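Enquirer: This structure is in structure tokens; I'll ask about it shortly.
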Amino acid sequence: MTDQPTHRLRRITWGALIGVASTAVGLAVAEVVAALSNTFQSPVLDVADRVVDGVPQSVKQLAIDWFGTNDKRALLVGIGSILVLYAAVVGIVALGRRWALALVAVALFGLAGAYASQTTRRAAPFIAVVPSVVGALAAGATLMGLRHLALGRRTAAAAESTDSIDSVESGSVSGPRSSIAELTPSDRRRFLAAAGLTTLGAVAVGATARSVNTRSTASASRRSLTLPSAARPLPTATAGIDSGVVGVSPFFTPNADFYRIDTAITVPQVDARSWTLTIDGMVERPLTLRFDDLLDRELIESDITLTCVSNEVGGNLMGTARWLGVRLDRLLEEVGVDPDADQVVGRSVDGYTCGFPVEALDGRDALIAIGMNGEPLPLAHGFPARLIVPGLYGYVSATKWLSHIELTRFDQFDQYWVERGWVGDAPIKVQSRIDTPRGLATLQAGRVAIAGVAWAQTRGIRAVEVRIDDGDWQSAQLADELNDVTWRQWSFVWNATPGRHSIAVRSTEKSGAIQTEERSEPFPSGATGQHSVIVIVR
């Protein structure tokens with residue numbers, strides 16, 4: 001007989017393998033079912049959506065602070081890790097005396113996915129529970145099948161008819177196999193091969209189903225799309241908007257580098273050929289547009305800097321692009337907005353909502369954007385259409401994957417983030433940032449270029465000042481201003497002396513308002529404070 005500690009270790013190992021393999025099968029089957037209809041979604045994604053919608057604001061902000069634009073990947077890794085641990089425990093329980101409890105745990109696994117499918121913002125019908133239910137049934141069947149294979153058919157049957165599997169393991173049950181420990185090498189190889197191949201096969205099937213489920217005509221329709229030119233194309237920006245200092249963020253942010261902060265766990269796949277936009281609510285003449293209808297309208301180009309409200313002082317959750325789209329105010333003139341309406345609500349295809357004041361449509365280039373930096377919107381940035389409203393943080397204005405615009409009132413509807421404590425009116429606050437030198441950089445004594453960007457969208461930047469240690473504020477050199485809704489580059493030449501030094505920056509709006517020194521966190525209306533870095537000069 002194999003000694004008891006080794007036997008227990010083997011049972012734990014085999015049990016964990018059984019649990020993971022069974023869960024892999026369940027998830028694979030759920031993915032296959034989810035791929036059958038657009039109504040369905042992977043239970044993992046449903047649960048992830050539920051987590052995103054339900055966790056406290058402090059946790060959301062912490063995730064963004066820690067992981068930045070990789071916060072969704074981190075969430076999926078976390079869910080996956082918890083799921084593997086849960087599955088391992090279920091498998092271990094399945095080899096013990098309370099094997100029925102393992103089936104209950106599998107059922108709870110299915111119920112969690114079904115519950116998530118019904119409580120996320122995507123408002124799925126009841127039938128959306130099917131992938132979770134079918135996946136749980138497959139996981140339960142696989143769990144019992146592998147359990148019987150691990151114990152041997154006669155041993156498993158005996159274990160089910162006794163109060164404890166310990167009697168099976170002690171050899172009191174008659175038959176050629178009395179415990180896991182006494183399985184022959186060929187039996188063990190058979191079990192390990194079956195469990196391993198089950199896991200690998202499930203992963204392969206699940207990955208294929210996920211690929212099919214996410215592979216839509218969205219990419220193809222984007223690739224085939226040729227955007228028309230703007231009615232009055234903007235001229236190429238002059239070189240004067242660039243400070244000329246190495247290390248400063250490029251004035252126009254490449255699409256591949258543009259920040260992405262949203263609540264979508266996976267990028268919605270929307271085919272431009274079947275996409276529609278409905279404008280209704282407190283309007284006289286509701287309107288529904290197809291993508292071709294937008295292309296047939298007058299398109300304008302506008303250079304606009306977007307900023308995320310989660311951006312910390314000195315953060316990089318912002319970027320500038322040349323956007324192409326249809327003016328929102330002109331569309332709203334067509335539908336006839338009720339004078340009592342004071343909120344414009346944008347809805348995404350996944351149920352996400354933004355809402356901003358009607359009064360923000362004061363002549364600024366608020367757009368239903370279809371192009372970004374000379375190409376159709378990237379899928380991750382809202383293809384085929386999104387809202388862009390200069391001067392407002394993205395959480396109230398920048399609806400991606402836009403499908404619906406509703407005119408309503410603030411006292412009648414709270415958008416997604418307002419429900420979670422953020423303010424409803426969110427003008428972007430004046431800020432400035434040091435891009436070079438980086439914090440804790442080691443520099444050579446002598447002339448050092450300090451440079452960065454400053455912004456106060458819709459108001460414009462009049463001045464930027466730099467302070468070394470506790471000295472006086474000194475004026476920086478401003479690059480040319482492109483317009484008052486984009487950031488502005490600045491630079492300052494410092495005669496650096498050896499030692500440890502602090503460098504701070506502040507900006508002044510055209511109105512004369514000076515960036516405050518008072519530090520506040522992004523929640524609930526955007527961060528304030530002055531950016532500073534520490535450098536070492538040799």
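Each chain in the structure tokens gets a letter, A, B, ..., in the order shown, and its residues are numbered from 1; ligands are numbered from 1 in order too.
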Got a sec: who's within 10 Å of His404 in chain A, counting only C-alpha atoms, leaving out chain neighbours fewer than 4 positions off, as JSON, numbers by chain?

Expert: {"A": [276, 277, 278, 279, 280, 288, 345, 346, 347, 348, 349, 351, 353, 399]}

Enquirer: For Gly424 in chain A, list every protein, DNA or RNA residue within 10 Å, evaluated using only C-alpha atoms, and leave out those in the same chain fewer than 6 positions away; present the list as an mmCIF file with N, CA and C atoms, in the first residue's frame.

Expert:
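The file below, selection27.cif, is the result:
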```cif
data_model
loop_
_atom_site.group_PDB
_atom_site.id
_atom_site.type_symbol
_atom_site.label_atom_id
_atom_site.label_comp_id
_atom_site.auth_asym_id
_atom_site.auth_seq_id
_atom_site.Cartn_x
_atom_site.Cartn_y
_atom_site.Cartn_z
ATOM 1 N N GLN A 343 -30.515 67.537 -21.191
ATOM 2 C CA GLN A 343 -29.459 66.522 -21.217
ATOM 3 C C GLN A 343 -29.491 65.752 -22.535
ATOM 4 N N CYS A 354 -23.707 57.718 -21.625
ATOM 5 C CA CYS A 354 -23.087 58.984 -21.250
ATOM 6 C C CYS A 354 -24.173 60.049 -21.286
ATOM 7 N N GLY A 355 -23.997 61.138 -20.558
ATOM 8 C CA GLY A 355 -24.963 62.223 -20.612
ATOM 9 C C GLY A 355 -24.298 63.554 -20.341
ATOM 10 N N PHE A 356 -24.595 64.564 -21.163
ATOM 11 C CA PHE A 356 -23.987 65.886 -20.986
ATOM 12 C C PHE A 356 -25.035 66.964 -21.224
ATOM 13 N N PRO A 357 -24.782 68.187 -20.749
ATOM 14 C CA PRO A 357 -25.769 69.259 -20.859
ATOM 15 C C PRO A 357 -26.007 69.691 -22.310
ATOM 16 N N TYR A 395 -16.240 60.661 -19.796
ATOM 17 C CA TYR A 395 -17.276 59.843 -19.170
ATOM 18 C C TYR A 395 -18.674 60.438 -19.296
ATOM 19 N N VAL A 396 -18.783 61.715 -19.646
ATOM 20 C CA VAL A 396 -20.104 62.305 -19.861
ATOM 21 C C VAL A 396 -20.421 62.507 -21.337
ATOM 22 N N PHE A 410 -31.914 65.990 -16.728
ATOM 23 C CA PHE A 410 -31.056 65.467 -15.671
ATOM 24 C C PHE A 410 -31.872 64.963 -14.489
ATOM 25 N N ASP A 414 -30.189 59.408 -14.856
ATOM 26 C CA ASP A 414 -28.781 59.450 -14.455
ATOM 27 C C ASP A 414 -28.003 58.481 -15.326
ATOM 28 N N GLN A 415 -26.987 58.992 -16.011
ATOM 29 C CA GLN A 415 -26.165 58.133 -16.846
ATOM 30 C C GLN A 415 -25.272 57.238 -15.991
ATOM 31 N N TRP A 417 -22.124 56.745 -15.086
ATOM 32 C CA TRP A 417 -21.174 57.150 -14.049
ATOM 33 C C TRP A 417 -21.807 58.050 -13.001
ATOM 34 N N VAL A 418 -22.850 58.783 -13.352
ATOM 35 C CA VAL A 418 -23.551 59.588 -12.354
ATOM 36 C C VAL A 418 -24.198 58.674 -11.319
ATOM 37 N N PRO A 524 -14.805 63.230 -7.544
ATOM 38 C CA PRO A 524 -15.871 62.885 -8.493
ATOM 39 C C PRO A 524 -15.929 63.779 -9.740
ATOM 40 N N SER A 525 -14.941 64.692 -9.912
ATOM 41 C CA SER A 525 -15.083 65.645 -11.026
ATOM 42 C C SER A 525 -13.769 65.958 -11.724
#
```

Enquirer: Do a neighbour search on Trp401 in chain A at 8 Å with only C-alpha atoms, toss out local chain neighbours closer than 2 positions, and write the hits as JSON, numbers by chain.

Expert: {"A": [268, 270, 348, 349, 381, 382, 383, 384, 385, 386, 399, 403]}

Enquirer: Those selected residues, please, written with N, CA, C and O atoms and delivered as a PDB file, in the first residue's frame.

Expert:
```
ATOM      1  N   PRO A 268     -16.812  45.807 -28.697  1.00  0.00           N
ATOM      2  CA  PRO A 268     -18.021  45.482 -29.467  1.00  0.00           C
ATOM      3  C   PRO A 268     -17.730  45.437 -30.965  1.00  0.00           C
ATOM      4  O   PRO A 268     -16.993  46.280 -31.493  1.00  0.00           O
ATOM      5  N   VAL A 270     -19.257  45.845 -34.450  1.00  0.00           N
ATOM      6  CA  VAL A 270     -20.419  46.450 -35.106  1.00  0.00           C
ATOM      7  C   VAL A 270     -20.132  46.597 -36.597  1.00  0.00           C
ATOM      8  O   VAL A 270     -19.148  47.238 -36.985  1.00  0.00           O
ATOM      9  N   SER A 348     -24.467  53.294 -26.002  1.00  0.00           N
ATOM     10  CA  SER A 348     -23.628  52.390 -26.779  1.00  0.00           C
ATOM     11  C   SER A 348     -24.401  51.121 -27.103  1.00  0.00           C
ATOM     12  O   SER A 348     -25.432  50.823 -26.483  1.00  0.00           O
ATOM     13  N   VAL A 349     -23.892  50.352 -28.059  1.00  0.00           N
ATOM     14  CA  VAL A 349     -24.534  49.089 -28.420  1.00  0.00           C
ATOM     15  C   VAL A 349     -24.550  48.107 -27.253  1.00  0.00           C
ATOM     16  O   VAL A 349     -25.385  47.190 -27.227  1.00  0.00           O
ATOM     17  N   HIS A 381     -11.919  52.175 -30.638  1.00  0.00           N
ATOM     18  CA  HIS A 381     -12.261  53.574 -30.336  1.00  0.00           C
ATOM     19  C   HIS A 381     -13.628  53.966 -30.867  1.00  0.00           C
ATOM     20  O   HIS A 381     -13.917  55.136 -31.055  1.00  0.00           O
ATOM     21  N   GLY A 382     -14.488  52.938 -31.091  1.00  0.00           N
ATOM     22  CA  GLY A 382     -15.880  53.244 -31.315  1.00  0.00           C
ATOM     23  C   GLY A 382     -16.460  52.962 -32.666  1.00  0.00           C
ATOM     24  O   GLY A 382     -17.596  53.374 -32.928  1.00  0.00           O
ATOM     25  N   PHE A 383     -15.724  52.301 -33.566  1.00  0.00           N
ATOM     26  CA  PHE A 383     -16.245  52.049 -34.907  1.00  0.00           C
ATOM     27  C   PHE A 383     -17.628  51.393 -34.826  1.00  0.00           C
ATOM     28  O   PHE A 383     -17.838  50.492 -34.031  1.00  0.00           O
ATOM     29  N   PRO A 384     -18.582  51.866 -35.631  1.00  0.00           N
ATOM     30  CA  PRO A 384     -18.411  52.809 -36.750  1.00  0.00           C
ATOM     31  C   PRO A 384     -18.614  54.280 -36.409  1.00  0.00           C
ATOM     32  O   PRO A 384     -18.286  55.143 -37.212  1.00  0.00           O
ATOM     33  N   ALA A 385     -19.188  54.596 -35.231  1.00  0.00           N
ATOM     34  CA  ALA A 385     -19.448  56.004 -34.905  1.00  0.00           C
ATOM     35  C   ALA A 385     -19.422  56.201 -33.399  1.00  0.00           C
ATOM     36  O   ALA A 385     -19.793  55.304 -32.625  1.00  0.00           O
ATOM     37  N   ARG A 386     -18.997  57.381 -32.983  1.00  0.00           N
ATOM     38  CA  ARG A 386     -18.929  57.728 -31.569  1.00  0.00           C
ATOM     39  C   ARG A 386     -19.200  59.210 -31.402  1.00  0.00           C
ATOM     40  O   ARG A 386     -19.180  59.981 -32.370  1.00  0.00           O
ATOM     41  N   THR A 399     -19.327  58.788 -25.987  1.00  0.00           N
ATOM     42  CA  THR A 399     -19.928  57.467 -26.175  1.00  0.00           C
ATOM     43  C   THR A 399     -19.337  56.766 -27.386  1.00  0.00           C
ATOM     44  O   THR A 399     -19.453  57.249 -28.512  1.00  0.00           O
ATOM     45  N   SER A 403     -25.195  54.009 -30.680  1.00  0.00           N
ATOM     46  CA  SER A 403     -26.372  53.465 -31.357  1.00  0.00           C
ATOM     47  C   SER A 403     -27.634  54.277 -31.110  1.00  0.00           C
ATOM     48  O   SER A 403     -28.626  54.096 -31.824  1.00  0.00           O
TER      49      SER A 403
END
```

Enquirer: Just list the residues in range 59-276 of chain A DSSP gives helix (DSSP H, G or I) on the backbone, as a PyMOL selection string.

Expert: chain A and resi 59-94+99-119+126-151+153-161+166-169+180-182+185-214+218-223+239-241+255-257

Enquirer: Write out as a PDB file with all heavy atoms, in the first residue's frame the residues lying within 8 Å of Val533 in chain A, counting only C-alpha atoms and excluding same-chain residues fewer than 4 positions away.

Expert:
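Heads up, here's the output in out.pdb:
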```
ATOM      1  N   ILE A 434       4.683  67.683 -17.069  1.00  0.00           N
ATOM      2  CA  ILE A 434       6.095  67.632 -17.458  1.00  0.00           C
ATOM      3  C   ILE A 434       6.342  66.294 -18.142  1.00  0.00           C
ATOM      4  O   ILE A 434       6.214  65.240 -17.518  1.00  0.00           O
ATOM      5  CB  ILE A 434       7.013  67.785 -16.231  1.00  0.00           C
ATOM      6  CG1 ILE A 434       6.741  69.116 -15.520  1.00  0.00           C
ATOM      7  CG2 ILE A 434       8.478  67.676 -16.644  1.00  0.00           C
ATOM      8  CD1 ILE A 434       7.414  69.226 -14.156  1.00  0.00           C
ATOM      9  N   ARG A 438      11.968  62.928 -17.028  1.00  0.00           N
ATOM     10  CA  ARG A 438      11.122  62.054 -16.239  1.00  0.00           C
ATOM     11  C   ARG A 438      11.501  62.115 -14.768  1.00  0.00           C
ATOM     12  O   ARG A 438      12.618  62.492 -14.408  1.00  0.00           O
ATOM     13  CB  ARG A 438      11.256  60.604 -16.728  1.00  0.00           C
ATOM     14  CG  ARG A 438      10.840  60.396 -18.175  1.00  0.00           C
ATOM     15  CD  ARG A 438       9.349  60.505 -18.332  1.00  0.00           C
ATOM     16  NE  ARG A 438       8.905  60.196 -19.681  1.00  0.00           N
ATOM     17  CZ  ARG A 438       7.629  60.231 -20.066  1.00  0.00           C
ATOM     18  NH1 ARG A 438       6.702  60.560 -19.185  1.00  0.00           N
ATOM     19  NH2 ARG A 438       7.293  59.944 -21.307  1.00  0.00           N
ATOM     20  N   GLY A 439      10.557  61.730 -13.931  1.00  0.00           N
ATOM     21  CA  GLY A 439      10.831  61.693 -12.505  1.00  0.00           C
ATOM     22  C   GLY A 439      11.986  60.761 -12.169  1.00  0.00           C
ATOM     23  O   GLY A 439      12.095  59.683 -12.754  1.00  0.00           O
ATOM     24  N   LEU A 440      12.875  61.193 -11.274  1.00  0.00           N
ATOM     25  CA  LEU A 440      14.045  60.445 -10.808  1.00  0.00           C
ATOM     26  C   LEU A 440      15.101  60.252 -11.890  1.00  0.00           C
ATOM     27  O   LEU A 440      15.984  59.408 -11.762  1.00  0.00           O
ATOM     28  CB  LEU A 440      13.636  59.088 -10.229  1.00  0.00           C
ATOM     29  CG  LEU A 440      12.646  59.129  -9.053  1.00  0.00           C
ATOM     30  CD1 LEU A 440      12.334  57.730  -8.581  1.00  0.00           C
ATOM     31  CD2 LEU A 440      13.202  59.964  -7.903  1.00  0.00           C
ATOM     32  N   SER A 502      13.669  69.652  -7.353  1.00  0.00           N
ATOM     33  CA  SER A 502      12.257  69.472  -7.659  1.00  0.00           C
ATOM     34  C   SER A 502      11.877  70.448  -8.768  1.00  0.00           C
ATOM     35  O   SER A 502      12.244  71.634  -8.728  1.00  0.00           O
ATOM     36  CB  SER A 502      11.400  69.742  -6.412  1.00  0.00           C
ATOM     37  OG  SER A 502      10.028  69.764  -6.743  1.00  0.00           O
ATOM     38  N   ILE A 503      11.137  69.951  -9.773  1.00  0.00           N
ATOM     39  CA  ILE A 503      10.655  70.782 -10.877  1.00  0.00           C
ATOM     40  C   ILE A 503       9.135  70.726 -10.867  1.00  0.00           C
ATOM     41  O   ILE A 503       8.543  69.637 -10.857  1.00  0.00           O
ATOM     42  CB  ILE A 503      11.173  70.279 -12.237  1.00  0.00           C
ATOM     43  CG1 ILE A 503      12.696  70.164 -12.229  1.00  0.00           C
ATOM     44  CG2 ILE A 503      10.698  71.184 -13.363  1.00  0.00           C
ATOM     45  CD1 ILE A 503      13.256  69.477 -13.473  1.00  0.00           C
ATOM     46  N   ALA A 504       8.492  71.889 -10.858  1.00  0.00           N
ATOM     47  CA  ALA A 504       7.033  71.960 -10.868  1.00  0.00           C
ATOM     48  C   ALA A 504       6.581  72.824 -12.034  1.00  0.00           C
ATOM     49  O   ALA A 504       7.323  73.668 -12.538  1.00  0.00           O
ATOM     50  CB  ALA A 504       6.515  72.524  -9.553  1.00  0.00           C
TER      51      ALA A 504
END
```

Enquirer: Name the residues in contact with Gly196 in chain A at a cut-off of 12 Å, using only C-alpha atoms, excluding same-chain residues fewer than 2 positions from it; report them as a PyMOL selection string.

Expert: chain A and resi 14+16-22+24-25+146+188-194+198-203

Enquirer: How close does each residue of range 214-314 of chain A get to range 456-466 of chain A, giving the shortest atom pair and distance in Å to one decimal for every residue with an atom at most 10 Å away, counting only C-alpha atoms, sorted by chain and residue number, as CSV?

Expert:
```
residue,atom,partner,partner_atom,distance
A:Ile304,CA,A:Gln457,CA,8.5
A:Thr305,CA,A:Gln457,CA,7.6
A:Leu306,CA,A:Gln457,CA,8.9
A:Thr307,CA,A:Gln457,CA,9.4
```

Enquirer: Using only C-alpha atoms, find the one residue out of A:Leu299, A:Ala116, A:Leu143, A:Val133 that sits nearest to Trp99 in chain A.

Expert: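 Looking only at the distances to Trp99 in chain A, the closest residue turns out to be A:Leu143.
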
Enquirer: Using CA of Val505 in chain A and CA of Ser491 in chain A as the two end points, give the distance in Å to one decimal.

Expert: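 One can read the CA of Val505 in chain A to CA of Ser491 in chain A distance as 10.6 Å.
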